[in-house]
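Note: the block below is final-v1.txt and it holds compact mmCIF, C-alpha atoms.
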```
# COMPACT_ATOMS: atom_id res chain seq x y z
CA MET D 474 94.29 78.34 101.96
CA ALA D 475 92.50 80.28 99.25
CA LEU D 476 90.14 79.69 96.34
CA THR D 477 90.17 80.91 92.76
CA TYR D 478 87.32 82.74 91.06
CA GLN D 479 86.01 79.56 89.44
CA GLN D 480 86.19 77.61 92.70
CA LEU D 481 84.30 80.35 94.51
CA LEU D 482 81.56 80.20 91.88
CA VAL D 483 80.87 76.74 93.30
CA ALA D 484 81.65 77.37 96.98
CA VAL D 485 79.60 80.55 97.52
CA PRO D 486 76.26 79.11 96.30
CA ALA D 487 76.90 75.98 98.40
CA VAL D 488 77.40 78.09 101.53
CA ILE D 489 74.26 80.10 100.74
CA ARG D 490 72.18 76.98 100.21
CA ALA D 491 73.41 75.72 103.60
CA GLY D 492 71.82 78.79 105.18
CA ASN D 493 75.13 80.46 106.03
CA VAL D 494 76.61 83.87 105.21
CA PRO D 495 79.69 83.79 102.95
CA ASN D 496 82.37 86.33 103.83
CA ILE D 497 84.58 86.75 100.76
CA VAL D 498 87.99 88.16 101.68
CA GLY D 499 90.52 89.33 99.11
CA ASP D 500 92.76 92.15 98.02
CA ALA D 501 91.26 95.15 96.26
CA GLY D 502 90.66 94.68 92.56
CA LEU D 503 90.48 90.87 92.54
CA GLY D 504 86.85 90.86 91.40
CA LYS D 505 84.86 90.09 94.57
CA THR D 506 81.87 92.15 93.46
CA ALA D 507 81.98 90.65 89.97
CA LEU D 508 82.10 87.21 91.57
CA VAL D 509 78.92 87.82 93.58
CA THR D 510 77.24 89.21 90.46
CA ASP D 511 78.06 85.97 88.64
CA VAL D 512 76.82 83.91 91.59
CA ALA D 513 73.51 85.81 91.54
CA CYS D 514 73.17 85.19 87.81
CA GLN D 515 73.96 81.51 88.30
CA MET D 516 71.30 81.20 91.02
CA GLY D 517 68.71 83.22 89.12
CA ALA D 518 68.74 85.73 91.96
CA VAL D 519 68.16 89.47 92.03
CA MET D 520 71.22 91.24 93.43
CA TYR D 521 71.42 94.38 95.55
CA THR D 522 74.58 96.01 96.86
CA THR D 523 75.31 98.26 99.82
CA VAL D 524 78.83 99.70 99.94
CA VAL D 525 79.40 99.76 103.66
CA SER D 526 82.38 102.11 103.45
CA LEU D 527 79.95 104.81 102.21
CA VAL D 528 77.36 104.20 104.93
CA GLU D 529 76.99 106.44 107.96
CA LYS D 530 75.59 105.37 111.30
CA GLY D 531 71.81 105.57 111.15
CA ASP D 532 71.54 105.32 107.37
CA LEU D 533 69.35 102.22 107.57
CA ALA D 534 66.79 103.86 109.80
CA ILE D 535 66.85 107.65 109.83
CA PRO D 536 63.74 109.48 111.05
CA VAL D 537 62.39 111.51 108.13
CA PRO D 538 59.03 113.17 107.48
CA PRO D 539 56.94 111.19 104.98
CA LEU D 540 56.29 113.00 101.73
CA THR D 541 52.52 112.49 101.40
CA SER D 542 49.96 115.07 102.49
CA ASP D 543 48.28 112.52 104.78
CA SER D 544 51.45 112.31 106.82
CA PHE D 545 51.11 115.81 108.28
CA VAL D 546 48.93 116.83 111.24
CA ASP D 547 47.34 120.30 111.21
CA THR D 548 46.74 121.82 114.65
CA ARG D 549 44.21 124.50 115.42
CA GLN D 550 46.60 127.01 116.96
CA TYR D 551 50.17 125.83 116.46
CA GLY D 552 50.57 125.14 112.77
CA ARG D 553 51.49 121.94 110.97
CA LEU D 554 53.36 118.98 112.49
CA ALA D 555 55.00 116.11 110.62
CA ASN D 556 54.04 112.61 111.73
CA VAL D 557 57.64 111.29 111.78
CA GLN D 558 58.23 107.64 110.90
CA TYR D 559 61.35 105.62 110.35
CA GLY D 560 62.39 105.56 106.70
CA TYR D 561 64.52 102.63 105.49
CA ALA D 562 67.34 102.93 103.00
CA ASP D 563 66.23 102.79 99.40
CA THR D 564 68.04 99.48 98.91
CA LEU D 565 66.10 97.86 101.73
CA LEU D 566 62.80 99.16 100.39
CA ARG D 567 63.55 97.74 96.94
CA ILE D 568 64.52 94.40 98.48
CA ILE D 569 61.22 94.14 100.36
CA ARG D 570 59.20 95.09 97.27
CA GLN D 571 61.09 92.52 95.19
CA ALA D 572 60.48 89.81 97.80
CA GLU D 573 56.77 90.60 97.83
CA ALA D 574 56.53 90.67 94.03
CA GLU D 575 58.41 87.36 93.53
CA PRO D 576 58.41 85.49 96.87
CA ASN D 577 60.05 82.37 95.40
CA ARG D 578 62.91 84.13 93.65
CA PRO D 579 66.17 84.36 95.64
CA ILE D 580 67.67 87.73 96.49
CA ILE D 581 71.36 88.31 97.20
CA TRP D 582 72.22 91.38 99.27
CA LEU D 583 75.96 92.11 99.08
CA LEU D 584 77.41 94.13 101.94
CA ASP D 585 80.53 95.23 100.08
CA GLU D 586 83.68 96.63 101.73
CA PHE D 587 82.16 95.59 105.06
CA ASN D 588 85.24 96.14 107.21
CA ARG D 589 85.95 99.52 105.62
CA GLY D 590 82.90 100.86 107.41
CA THR D 591 83.31 102.32 110.89
CA GLN D 592 82.85 100.18 113.96
CA ALA D 593 79.57 102.03 114.62
CA VAL D 594 78.26 101.17 111.15
CA GLN D 595 79.38 97.55 111.47
CA SER D 596 77.61 97.30 114.82
CA GLU D 597 74.43 98.70 113.30
CA LEU D 598 74.59 96.11 110.52
CA MET D 599 75.12 93.22 112.92
CA ASN D 600 71.37 92.70 113.29
CA LEU D 601 71.26 92.09 109.54
CA VAL D 602 73.93 89.41 109.70
CA LEU D 603 73.17 87.87 113.07
CA GLN D 604 69.39 88.24 113.42
CA ARG D 605 68.33 89.25 109.89
CA ARG D 606 66.52 92.27 111.30
CA VAL D 607 66.58 96.05 110.84
CA ASN D 608 64.80 97.53 113.86
CA SER D 609 61.38 95.86 113.81
CA LEU D 610 61.65 94.65 110.20
CA GLN D 611 62.43 90.97 109.61
CA LEU D 612 64.24 90.14 106.35
CA PRO D 613 62.29 87.83 104.03
CA GLY D 614 63.52 84.25 103.87
CA SER D 615 64.39 84.68 100.19
CA VAL D 616 67.11 87.23 101.05
CA HIS D 617 70.65 85.83 101.27
CA LEU D 618 73.36 88.04 102.72
CA VAL D 619 76.93 87.99 101.38
CA ILE D 620 79.81 89.98 102.88
CA ALA D 621 82.92 91.12 101.00
CA GLU D 622 85.96 92.43 102.82
CA ASN D 623 89.54 93.50 102.29
CA PRO D 624 92.10 91.68 104.44
CA ASP D 625 93.12 92.96 107.83
CA SER D 626 96.21 92.09 109.84
CA THR D 627 94.23 90.12 112.43
CA MET D 628 93.45 87.48 109.80
CA GLU D 629 95.84 84.57 109.87
CA GLU D 630 96.45 84.62 106.12
CA PHE D 631 97.13 88.37 105.99
CA ALA D 632 99.42 89.25 108.88
CA ASP D 633 101.24 91.86 106.76
CA SER D 634 98.09 93.51 105.39
CA ASP D 635 98.03 97.31 105.56
CA TYR D 636 94.46 98.11 104.42
CA ALA D 637 92.72 100.92 106.31
CA VAL D 638 89.98 98.71 107.74
CA ALA D 639 88.16 98.29 111.03
CA PRO D 640 88.60 94.64 112.11
CA GLY D 641 85.31 92.81 112.30
CA ASP D 642 83.53 91.99 115.54
CA ALA D 643 84.16 88.48 116.88
CA ALA D 644 80.43 87.76 116.60
CA ILE D 645 80.52 88.50 112.86
CA LYS D 646 83.54 86.23 112.37
CA ASP D 647 81.83 83.44 114.29
CA ARG D 648 78.57 83.68 112.29
CA THR D 649 80.02 83.91 108.77
CA VAL D 650 82.05 81.59 106.55
CA ARG D 651 85.33 83.19 105.50
CA LEU D 652 86.25 82.35 101.91
CA VAL D 653 89.63 83.76 100.89
CA MET D 654 89.93 84.70 97.24
CA ARG D 655 93.20 84.48 95.33
CA PRO D 656 94.05 85.60 91.81
CA SER D 657 94.25 83.02 89.04
CA LEU D 658 95.68 83.97 85.67
CA THR D 659 94.02 80.95 84.04
CA ASP D 660 90.58 81.96 85.33
CA TRP D 661 91.14 85.60 84.43
CA LEU D 662 92.30 84.84 80.90
CA THR D 663 89.32 82.52 80.37
CA TRP D 664 87.03 85.41 81.29
CA ALA D 665 89.12 87.93 79.34
CA ALA D 666 88.90 85.92 76.11
CA GLY D 667 85.09 86.31 76.00
CA SER D 668 83.88 85.21 72.61
CA GLU D 669 85.99 85.12 69.45
CA SER D 670 84.28 88.22 68.07
CA HIS D 671 83.89 90.10 71.37
CA PRO D 672 86.81 89.61 73.79
CA GLN D 673 86.33 91.12 77.24
CA ILE D 674 89.94 92.33 77.31
CA GLU D 675 92.14 93.63 74.50
CA PRO D 676 94.22 90.77 73.03
CA LEU D 677 97.43 92.75 73.59
CA VAL D 678 96.72 92.82 77.34
CA GLN D 679 96.05 89.09 77.31
CA GLN D 680 99.27 88.40 75.41
CA TYR D 681 101.31 90.53 77.78
CA LEU D 682 99.97 88.75 80.86
CA ARG D 683 100.57 85.32 79.35
CA ALA D 684 104.22 86.33 78.95
CA HIS D 685 104.33 88.04 82.37
CA PRO D 686 101.92 86.08 84.59
CA GLN D 687 103.32 87.58 87.78
CA GLN D 688 102.00 91.00 86.76
CA LEU D 689 98.30 90.15 87.01
CA ALA D 690 98.28 90.79 90.75
CA PRO D 691 101.82 90.97 92.18
CA GLN D 692 102.01 90.05 95.86
CA GLU D 693 104.96 92.35 96.48
CA HIS D 694 104.99 95.92 95.21
CA GLY D 695 106.63 99.14 96.23
CA ASP D 696 104.53 101.66 94.29
CA ASP D 697 101.36 103.32 95.51
CA LEU D 698 99.83 102.18 92.20
CA TYR D 699 100.24 98.58 91.14
CA PRO D 700 98.52 96.05 88.86
CA THR D 701 95.31 94.29 89.87
CA PRO D 702 92.80 92.40 87.72
CA ARG D 703 90.52 95.44 87.94
CA SER D 704 93.26 97.84 86.85
CA TRP D 705 94.08 95.63 83.85
CA GLU D 706 90.43 95.90 82.82
CA ARG D 707 90.74 99.70 82.87
CA VAL D 708 94.02 99.47 80.94
CA SER D 709 92.26 97.42 78.28
CA ARG D 710 89.56 100.07 77.81
CA ASN D 711 92.17 102.85 77.71
CA LEU D 712 94.23 100.91 75.18
CA THR D 713 91.19 100.52 72.92
CA GLU D 714 90.70 104.29 72.85
CA LEU D 715 94.40 105.18 72.55
CA LEU D 716 94.84 102.98 69.48
CA LYS D 717 92.13 104.98 67.73
CA LEU D 718 94.44 108.02 67.83
CA PRO D 719 97.24 108.76 65.35
CA ALA D 720 100.34 106.73 66.19
CA ASP D 721 102.46 109.73 67.17
CA GLN D 722 99.79 110.83 69.67
CA TRP D 723 99.12 107.54 71.44
CA ARG D 724 102.85 106.78 71.65
CA GLN D 725 103.35 110.05 73.55
CA LEU D 726 100.47 109.32 75.91
CA ALA D 727 100.85 105.59 76.50
CA VAL D 728 103.40 105.61 79.33
CA ASP D 729 101.50 108.13 81.46
CA VAL D 730 98.08 106.62 80.82
CA PHE D 731 99.14 103.05 81.61
CA SER D 732 101.24 104.13 84.60
CA GLY D 733 98.12 105.80 86.01
CA ASP D 734 96.62 102.34 86.48
CA LEU D 735 99.61 100.02 86.82
CA GLY D 736 102.22 102.17 88.52
CA PRO D 737 105.34 103.53 86.83
CA SER D 738 107.40 100.34 86.52
CA VAL D 739 104.77 98.07 84.99
CA GLY D 740 103.17 101.00 83.12
CA VAL D 741 106.42 101.71 81.29
CA GLU D 742 106.96 98.03 80.50
CA PHE D 743 103.47 97.57 79.13
CA ALA D 744 103.70 100.76 77.05
CA GLU D 745 106.94 99.49 75.51
CA TYR D 746 105.31 96.14 74.84
CA VAL D 747 102.45 97.82 72.98
CA LYS D 748 104.82 100.02 70.97
CA GLN D 749 106.82 96.99 69.83
CA GLN D 750 103.88 95.09 68.37
CA GLY D 751 104.56 94.14 64.76
CA GLN D 752 108.29 94.27 65.33
CA GLU D 753 108.57 92.52 68.66
CA LEU D 754 111.17 89.87 69.33
CA THR D 755 110.13 86.24 69.64
CA VAL D 756 112.09 83.16 70.62
CA ASP D 757 111.79 81.88 67.07
CA VAL D 758 113.41 85.12 65.87
CA LEU D 759 116.30 84.60 68.32
CA LEU D 760 116.82 81.13 66.91
CA SER D 761 116.83 82.40 63.32
CA PRO D 762 119.88 83.60 61.32
CA THR D 763 118.79 87.24 61.77
CA GLY D 764 118.30 86.88 65.52
CA HIS D 765 121.49 88.66 66.61
CA GLN D 766 120.82 91.71 64.46
CA GLN D 767 117.20 92.06 65.59
CA PHE D 768 118.18 91.52 69.23
CA ALA D 769 120.82 94.23 69.01
CA ASN D 770 118.26 96.71 67.63
CA ALA D 771 115.64 95.97 70.32
CA THR D 772 115.00 97.98 73.46
CA GLU D 773 116.29 96.76 76.81
CA PHE D 774 112.74 95.87 77.80
CA GLY D 775 112.24 93.88 74.61
CA LYS D 776 115.47 91.96 75.11
CA LEU D 777 114.68 91.04 78.70
CA ALA D 778 111.05 90.21 77.92
CA VAL D 779 111.87 87.73 75.15
CA LEU D 780 114.54 85.97 77.22
CA LYS D 781 112.15 85.65 80.16
CA LEU D 782 109.52 84.35 77.75
CA TRP D 783 112.05 81.75 76.59
CA VAL D 784 112.66 80.71 80.19
CA GLY D 785 108.95 80.46 80.92
CA HIS D 786 108.22 78.39 77.80
CA ASN D 787 111.31 76.19 77.86
CA ASP D 788 109.20 73.09 77.14
CA HIS D 789 108.05 74.46 73.75
CA ASP D 790 109.22 72.31 70.84
CA GLY D 791 112.76 73.24 69.87
CA TRP D 792 113.12 75.88 72.61
CA LYS D 793 114.93 73.89 75.30
CA ILE D 794 117.58 76.21 76.70
CA ALA D 795 119.90 73.31 77.47
CA ASP D 796 120.08 72.65 73.72
CA HIS D 797 120.87 76.31 72.95
CA ALA D 798 122.92 77.21 76.03
CA ALA D 799 125.69 79.06 74.15
CA LEU D 800 123.20 81.12 72.17
CA PHE D 801 121.16 81.94 75.28
CA LEU D 802 124.30 83.01 77.14
CA ASP D 803 125.36 85.20 74.21
CA TYR D 804 122.04 87.02 74.28
CA ALA D 805 121.98 87.25 78.09
CA ARG D 806 125.42 88.91 78.18
CA GLN D 807 124.03 91.75 76.02
CA LEU D 808 121.57 92.79 78.73
CA SER D 809 122.34 95.61 81.13
CA PRO D 810 123.62 94.54 84.58
CA ASP D 811 120.14 94.99 86.07
CA GLY D 812 118.63 93.03 83.19
CA GLN D 813 121.12 90.22 83.70
CA PHE D 814 120.29 90.06 87.40
CA SER D 815 116.54 90.00 86.64
CA LEU D 816 116.99 87.19 84.12
CA ALA D 817 119.19 85.10 86.42
CA THR D 818 116.69 85.54 89.23
CA ALA D 819 113.87 84.45 86.91
CA VAL D 820 115.72 81.26 86.04
CA GLY D 821 116.51 80.52 89.69
CA GLU D 822 113.08 81.27 91.17
CA SER D 823 110.55 80.75 88.39
CA SER D 824 111.82 77.86 86.32
CA GLN D 825 113.22 74.95 88.30
CA GLN D 826 112.90 72.83 85.15
CA VAL D 827 115.37 74.99 83.23
CA ALA D 828 117.89 74.93 86.07
CA GLU D 829 117.61 71.15 86.49
CA GLU D 830 118.03 70.50 82.76
CA LEU D 831 121.10 72.72 82.58
CA VAL D 832 122.71 71.05 85.59
CA ALA D 833 121.91 67.57 84.24
CA SER D 834 123.31 68.33 80.77
CA ASP D 835 126.75 66.96 79.91
CA LYS D 836 127.41 69.78 77.43
CA GLU D 837 130.14 72.29 78.21
CA ASP D 838 127.97 75.19 76.99
CA ALA D 839 125.29 74.29 79.55
CA ALA D 840 127.85 74.22 82.36
CA GLN D 841 129.15 77.66 81.33
CA LEU D 842 125.62 79.04 81.36
CA VAL D 843 124.99 77.59 84.85
CA ASP D 844 128.19 79.19 86.16
CA TRP D 845 127.30 82.56 84.62
CA LEU D 846 123.74 82.53 85.99
CA ALA D 847 125.00 81.62 89.47
CA HIS D 848 127.58 84.39 89.36
CA VAL D 849 125.08 87.04 88.24
CA ALA D 850 122.40 85.96 90.71
CA THR D 851 124.71 86.12 93.72
CA ARG D 852 126.98 89.08 93.06
CA ALA D 853 126.50 91.90 95.51
CA ASP D 854 127.17 94.71 93.05
CA ARG D 855 124.95 94.36 90.00
CA GLY D 856 127.23 96.72 88.13
CA ASP D 857 130.11 94.24 88.30
CA GLU D 858 130.57 91.95 85.32
```

Take the structure in the file and give it back as structure tokens.
Amino acid sequence: MALTYQQLLVAVPAVIRAGNVPNIVGDAGLGKTALVTDVACQMGAVMYTTVVSLVEKGDLAIPVPPLTSDSFVDTRQYGRLANVQYGYADTLLRIIRQAEAEPNRPIIWLLDEFNRGTQAVQSELMNLVLQRRVNSLQLPGSVHLVIAENPDSTMEEFADSDYAVAPGDAAIKDRTVRLVMRPSLTDWLTWAAGSESHPQIEPLVQQYLRAHPQQLAPQEHGDDLYPTPRSWERVSRNLTELLKLPADQWRQLAVDVFSGDLGPSVGVEFAEYVKQQGQELTVDVLLSPTGHQQFANATEFGKLAVLKLWVGHNDHDGWKIADHAALFLDYARQLSPDGQFSLATAVGESSQQVAEELVASDKEDAAQLVDWLAHVATRADRGDE
């Protein structure tokens, strides 16, 4: 069970109003911090953040000498002695001052990356979560705590998680409300569109993800770098700057720059997608009289991308693959063996509608396409034709 960004915008304030502590759990880069920022804005709250992974034991209450002259004691024979007091973290001081200045305005204190802190740090923060205290200081009633965590393998939904985290104490789990966050392309694209004159994300990035929805936040990945909603935001900013350069320069840089955020496989694909703009293949082009010539001149990535786009938008007017089975098969046979396997897998796993329509069709071309897809998807050696 998991909630999208938009659903959490409703759930988190509800949990806070109930007097409970939301614990938002999700993979890195999904937008947990951005979510809490939006919740604070929605509630008219002032937001403060402590990144627990950067906290050391004792950071909330370290004995330090006060910096005013009245805080020192001068002795007659033994010099000057500091009157040591406990000094609270700057964040906590600002929270208290805010609560005193506007006692009726809510405050959200986000303890981000909570389970990436050490067990000692988590234990020290337990008084905040469980008793709302730091040593002798009681948190004001206007302060609402929110926890954000990466998954750990002890969580039922994330048995295969491999984040370097310290699993939370049972007391924390019992006193907080776990809200699992999942990626949603629809939610992300709604945010990315921004306004007509000021999109949050470059339109090319939005277009690419509409055609390749699985690349927003792939669940399975083999690279040490891989796409996340946060990395796509960085890609968008990099793309904006690259396109300001002369074409020969940005074309040389694109693969390496995008791979630095998305990993090599997706980085190369996205770079090719950007380079093809203005001459990219579309399904309408494939259906036109010049389709075969333009398909033959396209890159392998471009060929595979447009055929997968066709599969994913089979319900578009005039695009039904069952009505163009011979043409689709002709194009599919021109892919490399790996490309053919990828396309056949996409039809089998991602588009049940296409498969059902082909099987239900009484046309011989549709039956031939079904046989070919089944053969390609099941052959052991992808190099065999």

**Report entry** Counting only C-alpha atoms, the option among D:Thr659, D:Pro700, D:Ala507, D:Gln722 closest to Val739 (chain D)
**Finding:**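 Checking each candidate against Val739 (chain D), we get D:Pro700 as the closest.
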
Query raised in the report: At what distance in Å, to one decimal, does CA of Val616 (chain D) lie from CA of Ile580 (chain D)?
Result: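 Atom-to-atom, CA of Ile580 (chain D) and CA of Val616 (chain D) are spaced 4.6 Å apart.
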
Query raised in the report: CA of Gly736 (chain D) and CA of Asp697 (chain D), how far apart in Å?
Result: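 Here the two named atoms are 7.1 Å from each other.
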
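For the pair CA of Ala840 (chain D) and CA of Ala805 (chain D), the separation is 14.9 Å.
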
Report task. Dump as a ChimeraX atom specification all residues having an atom at most 7 Å from (66.9, 92.0, 95.3), computed in the file's coordinates with all atoms listed in the file. Result -> /D:519-521,567-568,571,580-582

Report task. Compare D:Leu800, D:Leu718, D:Asp500, D:Phe545 by their minimum atom-to-atom distance to Pro691 (chain D), counting all atoms listed in the file, and give me the closest one. Result -> D:Asp500

Query - Pick from D:Ala518, D:Ala593, D:Ile620, D:Leu610 nearest to Val494 (chain D), counting only C-alpha atoms - result: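 For Val494 (chain D), the nearest of the given residues is D:Ile620.
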
Query raised in the report: Do you know which residues are at most 12 Å from Phe774 (chain D) counting all atoms listed in the file, after dropping those on the same chain fewer than 2 positions away, and could you put them as a ChimeraX atom specification?
Result: /D:738-739,741-749,753-754,768,770-772,776-782,808-809,811-813,815-816

Query - Selection near Ser704 (chain D), 9 Å with all atoms listed in the file, sequence-local residues under 5 positions removed, as a PyMOL selection string - result: chain D and resi 502+699+709+734-735

Please report as JSON lines every residue of region 551-604 of chain D lying within 10 Å of region 503-506 of chain D, along with the nearest atom pair and their distance in Å (one decimal), using all atoms listed in the file.
```
{"residue": "D:Leu583", "atom": "CA", "partner": "D:Thr506", "partner_atom": "CA", "distance": 8.2}
{"residue": "D:Leu584", "atom": "CA", "partner": "D:Thr506", "partner_atom": "CA", "distance": 9.8}
{"residue": "D:Asp585", "atom": "CA", "partner": "D:Thr506", "partner_atom": "CA", "distance": 7.4}
{"residue": "D:Glu586", "atom": "CA", "partner": "D:Thr506", "partner_atom": "CA", "distance": 9.6}
```

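The residue that comes closest to Ile645 (chain D), out of D:Val849, D:Ile674, D:Leu598, D:Leu698 and on the basis of all atoms listed in the file, is D:Leu598.
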
Query raised in the report: Excluding same-chain residues fewer than 5 positions from Gly492 (chain D), what lies within 10 Å of it counting all atoms listed in the file, as a list in words?
Result: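 Once the nearby chain positions are removed, what remains is Pro486, Ala487, His617 and Leu618 of chain D.
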
Requested in this report: May I have the residues within 12 Å of region 481-484 of chain D as an NGL selection string, using only C-alpha atoms and disregarding those fewer than 2 positions away in the same chain?
Outcome: :D and (475-479 or 486-491 or 493-499 or 504-505 or 507-516 or 650-657 or 660)

Keeping only C-alpha atoms, write the selected residues to a file as a JSON list (two decimals), in the coordinates of the input.
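Written file, part36.json:
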```
[["chain", "number", "residue", "atom", "x", "y", "z"],
["D", 475, "ALA", "CA", 92.50, 80.28, 99.25],
["D", 476, "LEU", "CA", 90.14, 79.69, 96.34],
["D", 477, "THR", "CA", 90.17, 80.91, 92.76],
["D", 478, "TYR", "CA", 87.32, 82.74, 91.06],
["D", 479, "GLN", "CA", 86.01, 79.56, 89.44],
["D", 486, "PRO", "CA", 76.26, 79.11, 96.30],
["D", 487, "ALA", "CA", 76.90, 75.98, 98.40],
["D", 488, "VAL", "CA", 77.40, 78.09, 101.53],
["D", 489, "ILE", "CA", 74.26, 80.10, 100.74],
["D", 490, "ARG", "CA", 72.18, 76.98, 100.21],
["D", 491, "ALA", "CA", 73.41, 75.72, 103.60],
["D", 493, "ASN", "CA", 75.13, 80.46, 106.03],
["D", 494, "VAL", "CA", 76.61, 83.87, 105.21],
["D", 495, "PRO", "CA", 79.69, 83.79, 102.95],
["D", 496, "ASN", "CA", 82.37, 86.33, 103.83],
["D", 497, "ILE", "CA", 84.58, 86.75, 100.76],
["D", 498, "VAL", "CA", 87.99, 88.16, 101.68],
["D", 499, "GLY", "CA", 90.52, 89.33, 99.11],
["D", 504, "GLY", "CA", 86.85, 90.86, 91.40],
["D", 505, "LYS", "CA", 84.86, 90.09, 94.57],
["D", 507, "ALA", "CA", 81.98, 90.65, 89.97],
["D", 508, "LEU", "CA", 82.10, 87.21, 91.57],
["D", 509, "VAL", "CA", 78.92, 87.82, 93.58],
["D", 510, "THR", "CA", 77.24, 89.21, 90.46],
["D", 511, "ASP", "CA", 78.06, 85.97, 88.64],
["D", 512, "VAL", "CA", 76.82, 83.91, 91.59],
["D", 513, "ALA", "CA", 73.51, 85.81, 91.54],
["D", 514, "CYS", "CA", 73.17, 85.19, 87.81],
["D", 515, "GLN", "CA", 73.96, 81.51, 88.30],
["D", 516, "MET", "CA", 71.30, 81.20, 91.02],
["D", 650, "VAL", "CA", 82.05, 81.59, 106.55],
["D", 651, "ARG", "CA", 85.33, 83.19, 105.50],
["D", 652, "LEU", "CA", 86.25, 82.35, 101.91],
["D", 653, "VAL", "CA", 89.63, 83.76, 100.89],
["D", 654, "MET", "CA", 89.93, 84.70, 97.24],
["D", 655, "ARG", "CA", 93.20, 84.48, 95.33],
["D", 656, "PRO", "CA", 94.05, 85.60, 91.81],
["D", 657, "SER", "CA", 94.25, 83.02, 89.04],
["D", 660, "ASP", "CA", 90.58, 81.96, 85.33]]
```

Query - Top pick for closest residue to Gly517 (chain D), considering D:Lys793, D:Thr541, D:Met474, D:Arg578 and counting all atoms listed in the file - result: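 Distance minimum relative to Gly517 (chain D) lands on D:Arg578.
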
Query raised in the report: Which one is closest to Gln766 (chain D): D:Ser596, D:Ile569, D:Gln807, D:Val602? Count all atoms listed in the file.
Result: D:Gln807
